[in-house]
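Some notes on the structure that comes next.
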2 protein chains.
Amino acid sequence: MNTLYCYANNEIIPIEKAGVPVSDLLVQRGYGIFDFLRVAYYQPLFIEDHLDRFFNSAAEMRLPINETKEEIKKIVATLIEKNKMEFAGIRLLIAGGDAPDGYTITRPHLIVLEQALAQPSAQFSEKGIRLASYQYQRQLAEVKTTDYLMAIWLQPWMKKKGADDILYYQEASISECPRSNIFMVTKENKLITPSNHMLKGITRKNILQVAAAHGIEFELRDITLSEIKTAKEVFISSSTKRILPVSQIDEQIYSLNSSKSISYCIFTYLLALEK
Amino acid sequence: MNTLYCYANNEIIPIEKAGVPVSDLLVQRGYGIFDFLRVAYYQPLFIEDHLDRFFNSAAEMRLPINETKEEIKKIVATLIEKNKMEFAGIRLLIAGGDAPDGYTITRPHLIVLEQALAQPSAQFSEKGIRLASYQYQRQLAEVKTTDYLMAIWLQPWMKKKGADDILYYQEASISECPRSNIFMVTKENKLITPSNHMLKGITRKNILQVAAAHGIEFELRDITLSEIKTAKEVFISSSTKRILPVSQIDEQIYSLNSSKSISYCIFTYLLALEK
């Protein structure tokens, strides 16, 4: 296996040499943000959008980024060139940095990792995934923090429920899955997705653009758990999965009929966007 | 300055050589637990209690610890001997470990750090600290996770409020400060402290033992934010601070009169426990 390079300590180094200091706020206090994007055919996908979100997350968390967006794009390009992976994932990470008092933000620093990641299938999933709903609100939900404590802690509970992923809801309104956004299609073929208390995904943004461009009616508003159970279609979206249809939420089963579905239609438009 | 040693990768190494791999669940997903204890006169204080809590946190988070309690005690003793700090802090940390899928717990590992930490004053504080109340519930509150996202994020808000620390409350009941437990003394000289939705501190445990041993009446129950504002005395407790009297919560000011106070009395008993 070839050496995999990453960016850490202000330089491109082999990944096994890149450790986060044990004194870092990320290690001791879980204080950090990240973003994650896909590489397809040696090209980073939607990197401008990911960088915009990354810089917004950093600002919200008071984590200054020493590198400019242009410099980060160059780092990403260098990693893609050196690591020679046609399809991959790029993780941009800001760690809180070493803090003399173990509590105060002093020296935040950028880490950029490239990791193996298969290209998601160009075939629309016929199987669908099953979601189990769980009452929980992510802290600082509009920031892509490294906090996945609850999502990982819930894995055995989720498996016991026979589910493949978790759907968070709070005070009756659903918000998101731990790593995906959620959409429903009403019986009137209207696309609806929540817009509050959740992280706004780049694929979600692309879906809304596609809907606007192709005359698919859509609405951004809260959805209750009982309303989503009346949906004609439900799907989730993320950079790594594009779109996956949902076959079940709790006891509610959705019939999947891909060739006629709005989600299949959007999926094909999304594929085209990556070209 | 002497080289500081820590325990990482199953060995005692200089702290600057100990990094957490960038692929670790602690770095990428904030999944880890810790405990923190004081060293005084080259002795770890209340290490049995800290180890009990550490192992409980680990079990709750499904993070197996490869070392036994006896082995960890030996590691701590070795660090104290090699680092030669008469007064210090010991941080025990379990990182989620490298995960091939970046999400599943596979290889958790122990890190033990010793860090400079001044002995808290043997004089009872006459000044007191000011708290600002904030509605928030820590996730997995009874586990000492590394999640201090909200506490660090709130620092500028807290300073703007003119406060020195934050008091979390949820649905009218107070729970804890980010790194301390809270107690109130009623006008009838009864000691009260919450017992739900918070982390049970080792100093809190010692305070309750001291109260029982010396005939100070106490009760473990929820306290509302309005009730605590009627208290005769309020104080916080932690391993690093022992006891600090509270001079203010939001707009409510408490008069400090140390020589007659229950908190001063408990403080002197706590000092004796460390001998």
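Naming works like this for the structure tokens: A, B, ... for the chains as they're shown, residue 1 at the start of each chain, ligands 1 onward in shown order.
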List every residue of chain A that has an atom at most 10 Å from any atom of chain B, giving for each one its closest atom pair and the distance in Å to one decimal, counting only C-alpha atoms, sorted by chain and then by ascending residue number, as a tab-separated table.
```
residue	atom	partner	partner_atom	distance
A:Cys6	CA	B:Val22	CA	9.5
A:Ala8	CA	B:Val22	CA	9.3
A:Ile15	CA	B:Val22	CA	7.7
A:Glu16	CA	B:Pro21	CA	7.3
A:Lys17	CA	B:Pro21	CA	8.4
A:Ala18	CA	B:Val22	CA	6.4
A:Gly19	CA	B:Gly19	CA	4.2
A:Val20	CA	B:Gly19	CA	4.9
A:Pro21	CA	B:Gly19	CA	4.6
A:Val22	CA	B:Gly19	CA	5.6
A:Ser23	CA	B:Gly19	CA	8.8
A:Asp24	CA	B:Gly19	CA	9.4
A:Leu25	CA	B:Tyr148	CA	9.3
A:Leu26	CA	B:Val27	CA	6.5
A:Val27	CA	B:Val27	CA	6.3
A:Gln28	CA	B:Thr146	CA	6.0
A:Arg29	CA	B:Thr146	CA	4.9
A:Gly30	CA	B:Asp147	CA	5.1
A:Tyr31	CA	B:Leu149	CA	5.5
A:Gly32	CA	B:Leu149	CA	8.3
A:Ile33	CA	B:Gln28	CA	9.1
A:Phe34	CA	B:Gln28	CA	8.2
A:Glu60	CA	B:Trp153	CA	8.9
A:Met61	CA	B:Trp153	CA	6.5
A:Arg62	CA	B:Trp153	CA	8.0
A:Arg91	CA	B:Gln28	CA	9.2
A:Leu93	CA	B:Gln28	CA	8.3
A:Ala95	CA	B:Val27	CA	8.4
A:Pro100	CA	B:Ala116	CA	9.8
A:Asp101	CA	B:Leu117	CA	9.5
A:Tyr103	CA	B:Ile152	CA	6.8
A:Thr104	CA	B:Ile152	CA	7.2
A:Ile105	CA	B:Ile152	CA	8.2
A:Ile111	CA	B:Val22	CA	8.4
A:Val112	CA	B:Val22	CA	9.6
A:Leu113	CA	B:Val22	CA	8.2
A:Gln115	CA	B:Ser23	CA	9.5
A:Ala116	CA	B:Pro100	CA	9.8
A:Leu117	CA	B:Asp101	CA	9.5
A:Tyr136	CA	B:Gln139	CA	9.4
A:Gln137	CA	B:Gln139	CA	9.9
A:Arg138	CA	B:Gln139	CA	9.5
A:Gln139	CA	B:Met150	CA	7.5
A:Leu140	CA	B:Met150	CA	8.1
A:Thr145	CA	B:Arg29	CA	8.5
A:Thr146	CA	B:Arg29	CA	4.9
A:Asp147	CA	B:Gly30	CA	5.1
A:Tyr148	CA	B:Arg29	CA	5.1
A:Leu149	CA	B:Tyr31	CA	5.5
A:Met150	CA	B:Gln139	CA	7.5
A:Ala151	CA	B:Tyr103	CA	8.9
A:Ile152	CA	B:Tyr103	CA	6.7
A:Trp153	CA	B:Met61	CA	6.5
A:Leu154	CA	B:Met61	CA	9.8
A:Gln155	CA	B:Thr104	CA	8.6
A:Pro156	CA	B:Arg62	CA	9.9
```
**Report entry** Shell of 8 Å around Ile266 of chain B, only C-alpha atoms, local chain residues under 5 positions omitted, as a list in words
**Finding:** Ile207, Val210 and Ala211 of chain B
Report task. Would you mind writing down, as a ChimeraX atom specification, each residue of segment 194-260 of chain A that DSSP on the backbone assigns to strand (DSSP E or B)? Result -> /A:218-220,224,233-238,242-249,252-253
**Report entry** For atom CA of Gln170 of chain B and atom CA of Ile249 of chain B, the interatomic separation in Å (one decimal)
**Finding:**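 Computing it gives 15.6 Å between the two atoms.
For the set A:Val143, A:Met158, A:Ile129, A:Ile47, the residue with the smallest atom-to-atom gap to Ser255 of chain A is A:Ile129, counting only C-alpha atoms.
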Report task. Just the residues within 12 Å of Ser263 of chain B, please, counting only C-alpha atoms, with nothing from its chain fewer than 6 positions along; format it as a PyMOL selection string. Result -> chain B and resi 124-126+128+182-186+189-192+207+210-211+216+232-237+242-246+256-257+269-270
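Distances here use only C-alpha atoms; by that measure, the residue among B:Glu251, B:Glu217, B:Asp222, B:Glu71 closest to Pro194 of chain B is B:Asp222.
Between Lys161 of chain B and the candidates B:Ile72, B:Ile13, B:Leu131, B:Val39, the tightest atom-to-atom separation, counting only C-alpha atoms, involves B:Leu131.
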Query - Nearby residues (only C-alpha atoms) at most 10 Å from Gln252 of chain B, same-chain spacing under 5 positions excluded, as a ChimeraX atom specification - result: /B:130-131,226,228-231,247
Report task. Provide the atom CA of Ile202 of chain A to atom CA of Pro44 of chain A distance in Å, to one decimal place. Result ->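 Going from atom CA of Ile202 of chain A over to atom CA of Pro44 of chain A covers 13.1 Å.
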Query raised in the report: So what do you get for atom CA of Tyr42 of chain A versus atom CA of Cys265 of chain A, distance-wise?
Result: 26.5 Å
Requested in this report: List every residue of segment 37-220 of chain A that DSSP, applied to the backbone, labels as helix (DSSP H, G or I), and write the result as a PyMOL selection string.
Outcome: chain A and resi 47-60+69-83+149-153+155-160+202-213
Please write the residues from the selection above to a file, keeping N, CA and C atoms, as a compact mmCIF listing (two decimals), in the first residue's frame.
```txt
# COMPACT_ATOMS: atom_id res chain seq x y z
N ILE A 47 -16.29 21.91 -3.96
CA ILE A 47 -15.36 22.34 -2.92
C ILE A 47 -15.64 23.77 -2.45
N GLU A 48 -16.14 24.63 -3.35
CA GLU A 48 -16.46 26.01 -2.93
C GLU A 48 -17.53 26.00 -1.84
N ASP A 49 -18.57 25.20 -2.05
CA ASP A 49 -19.65 25.12 -1.06
C ASP A 49 -19.13 24.57 0.27
N HIS A 50 -18.31 23.54 0.17
CA HIS A 50 -17.77 22.95 1.41
C HIS A 50 -16.87 23.94 2.15
N LEU A 51 -16.07 24.67 1.40
CA LEU A 51 -15.20 25.67 2.04
C LEU A 51 -16.02 26.80 2.68
N ASP A 52 -17.08 27.22 2.00
CA ASP A 52 -17.94 28.26 2.59
C ASP A 52 -18.50 27.77 3.92
N ARG A 53 -19.01 26.54 3.93
CA ARG A 53 -19.59 26.03 5.17
C ARG A 53 -18.53 25.86 6.26
N PHE A 54 -17.35 25.38 5.83
CA PHE A 54 -16.24 25.17 6.77
C PHE A 54 -15.84 26.48 7.44
N PHE A 55 -15.73 27.52 6.65
CA PHE A 55 -15.35 28.83 7.21
C PHE A 55 -16.47 29.39 8.10
N ASN A 56 -17.73 29.11 7.74
CA ASN A 56 -18.83 29.54 8.60
C ASN A 56 -18.81 28.78 9.94
N SER A 57 -18.58 27.47 9.88
CA SER A 57 -18.49 26.69 11.12
C SER A 57 -17.38 27.24 12.00
N ALA A 58 -16.24 27.51 11.38
CA ALA A 58 -15.08 28.00 12.13
C ALA A 58 -15.39 29.34 12.80
N ALA A 59 -16.04 30.23 12.07
CA ALA A 59 -16.36 31.55 12.62
C ALA A 59 -17.31 31.40 13.80
N GLU A 60 -18.31 30.57 13.64
CA GLU A 60 -19.31 30.37 14.70
C GLU A 60 -18.66 29.82 15.97
N LYS A 69 -8.95 30.25 1.64
CA LYS A 69 -9.66 29.22 0.86
C LYS A 69 -8.80 28.76 -0.32
N GLU A 70 -8.11 29.69 -0.95
CA GLU A 70 -7.25 29.33 -2.10
C GLU A 70 -6.13 28.40 -1.66
N GLU A 71 -5.56 28.69 -0.50
CA GLU A 71 -4.48 27.83 0.02
C GLU A 71 -5.01 26.43 0.33
N ILE A 72 -6.20 26.36 0.90
CA ILE A 72 -6.77 25.03 1.21
C ILE A 72 -7.05 24.27 -0.08
N LYS A 73 -7.52 24.97 -1.11
CA LYS A 73 -7.75 24.30 -2.40
C LYS A 73 -6.45 23.73 -2.95
N LYS A 74 -5.37 24.48 -2.77
CA LYS A 74 -4.06 23.98 -3.24
C LYS A 74 -3.61 22.76 -2.45
N ILE A 75 -3.83 22.79 -1.15
CA ILE A 75 -3.48 21.64 -0.30
C ILE A 75 -4.26 20.41 -0.76
N VAL A 76 -5.56 20.60 -1.00
CA VAL A 76 -6.41 19.49 -1.44
C VAL A 76 -5.89 18.95 -2.78
N ALA A 77 -5.56 19.85 -3.69
CA ALA A 77 -5.06 19.42 -5.01
C ALA A 77 -3.75 18.64 -4.86
N THR A 78 -2.88 19.11 -3.96
CA THR A 78 -1.61 18.41 -3.75
C THR A 78 -1.83 17.01 -3.20
N LEU A 79 -2.75 16.89 -2.24
CA LEU A 79 -3.04 15.57 -1.67
C LEU A 79 -3.60 14.63 -2.73
N ILE A 80 -4.51 15.14 -3.54
CA ILE A 80 -5.10 14.30 -4.60
C ILE A 80 -4.00 13.82 -5.55
N GLU A 81 -3.09 14.73 -5.86
CA GLU A 81 -2.00 14.38 -6.78
C GLU A 81 -1.06 13.35 -6.16
N LYS A 82 -0.67 13.57 -4.89
CA LYS A 82 0.30 12.68 -4.26
C LYS A 82 -0.31 11.33 -3.90
N ASN A 83 -1.58 11.32 -3.49
CA ASN A 83 -2.18 10.07 -3.00
C ASN A 83 -2.72 9.19 -4.12
N LEU A 149 -21.11 12.12 19.59
CA LEU A 149 -21.24 11.32 20.79
C LEU A 149 -22.52 10.50 20.78
N MET A 150 -23.65 11.17 20.58
CA MET A 150 -24.94 10.50 20.68
C MET A 150 -25.12 9.50 19.54
N ALA A 151 -24.72 9.89 18.34
CA ALA A 151 -24.89 9.01 17.17
C ALA A 151 -24.14 7.69 17.37
N ILE A 152 -22.94 7.77 17.88
CA ILE A 152 -22.15 6.54 18.07
C ILE A 152 -22.66 5.77 19.28
N TRP A 153 -23.03 6.49 20.31
CA TRP A 153 -23.55 5.84 21.51
C TRP A 153 -24.84 5.08 21.20
N GLN A 155 -25.65 3.46 18.47
CA GLN A 155 -25.57 2.40 17.46
C GLN A 155 -26.20 1.06 17.91
N PRO A 156 -25.91 0.56 19.11
CA PRO A 156 -26.54 -0.72 19.52
C PRO A 156 -28.07 -0.61 19.63
N TRP A 157 -28.55 0.52 20.15
CA TRP A 157 -30.00 0.76 20.24
C TRP A 157 -30.63 0.70 18.85
N MET A 158 -29.97 1.36 17.90
CA MET A 158 -30.46 1.41 16.52
C MET A 158 -30.53 0.00 15.91
N LYS A 159 -29.47 -0.76 16.13
CA LYS A 159 -29.44 -2.12 15.56
C LYS A 159 -30.53 -2.99 16.18
N LYS A 160 -30.74 -2.80 17.48
CA LYS A 160 -31.79 -3.56 18.17
C LYS A 160 -33.16 -3.23 17.57
N ILE A 202 -24.58 20.12 1.70
CA ILE A 202 -24.28 20.60 0.35
C ILE A 202 -25.14 19.83 -0.67
N THR A 203 -25.36 18.55 -0.44
CA THR A 203 -26.24 17.79 -1.34
C THR A 203 -27.68 18.30 -1.22
N ARG A 204 -28.08 18.64 0.01
CA ARG A 204 -29.41 19.25 0.21
C ARG A 204 -29.54 20.52 -0.63
N LYS A 205 -28.50 21.33 -0.61
CA LYS A 205 -28.51 22.58 -1.39
C LYS A 205 -28.64 22.26 -2.89
N ASN A 206 -27.88 21.26 -3.34
CA ASN A 206 -27.94 20.86 -4.76
C ASN A 206 -29.33 20.35 -5.12
N ILE A 207 -29.95 19.60 -4.20
CA ILE A 207 -31.29 19.06 -4.45
C ILE A 207 -32.29 20.21 -4.61
N LEU A 208 -32.18 21.21 -3.77
CA LEU A 208 -33.11 22.34 -3.85
C LEU A 208 -32.89 23.14 -5.14
N GLN A 209 -31.63 23.23 -5.57
CA GLN A 209 -31.33 23.89 -6.85
C GLN A 209 -31.93 23.12 -8.02
N VAL A 210 -31.75 21.81 -7.97
CA VAL A 210 -32.28 20.93 -9.01
C VAL A 210 -33.81 21.04 -9.06
N ALA A 211 -34.42 21.04 -7.88
CA ALA A 211 -35.89 21.14 -7.82
C ALA A 211 -36.35 22.46 -8.45
N ALA A 212 -35.66 23.55 -8.09
CA ALA A 212 -36.03 24.85 -8.63
C ALA A 212 -35.86 24.88 -10.16
N ALA A 213 -34.77 24.29 -10.62
CA ALA A 213 -34.46 24.33 -12.06
C ALA A 213 -35.42 23.47 -12.88
```
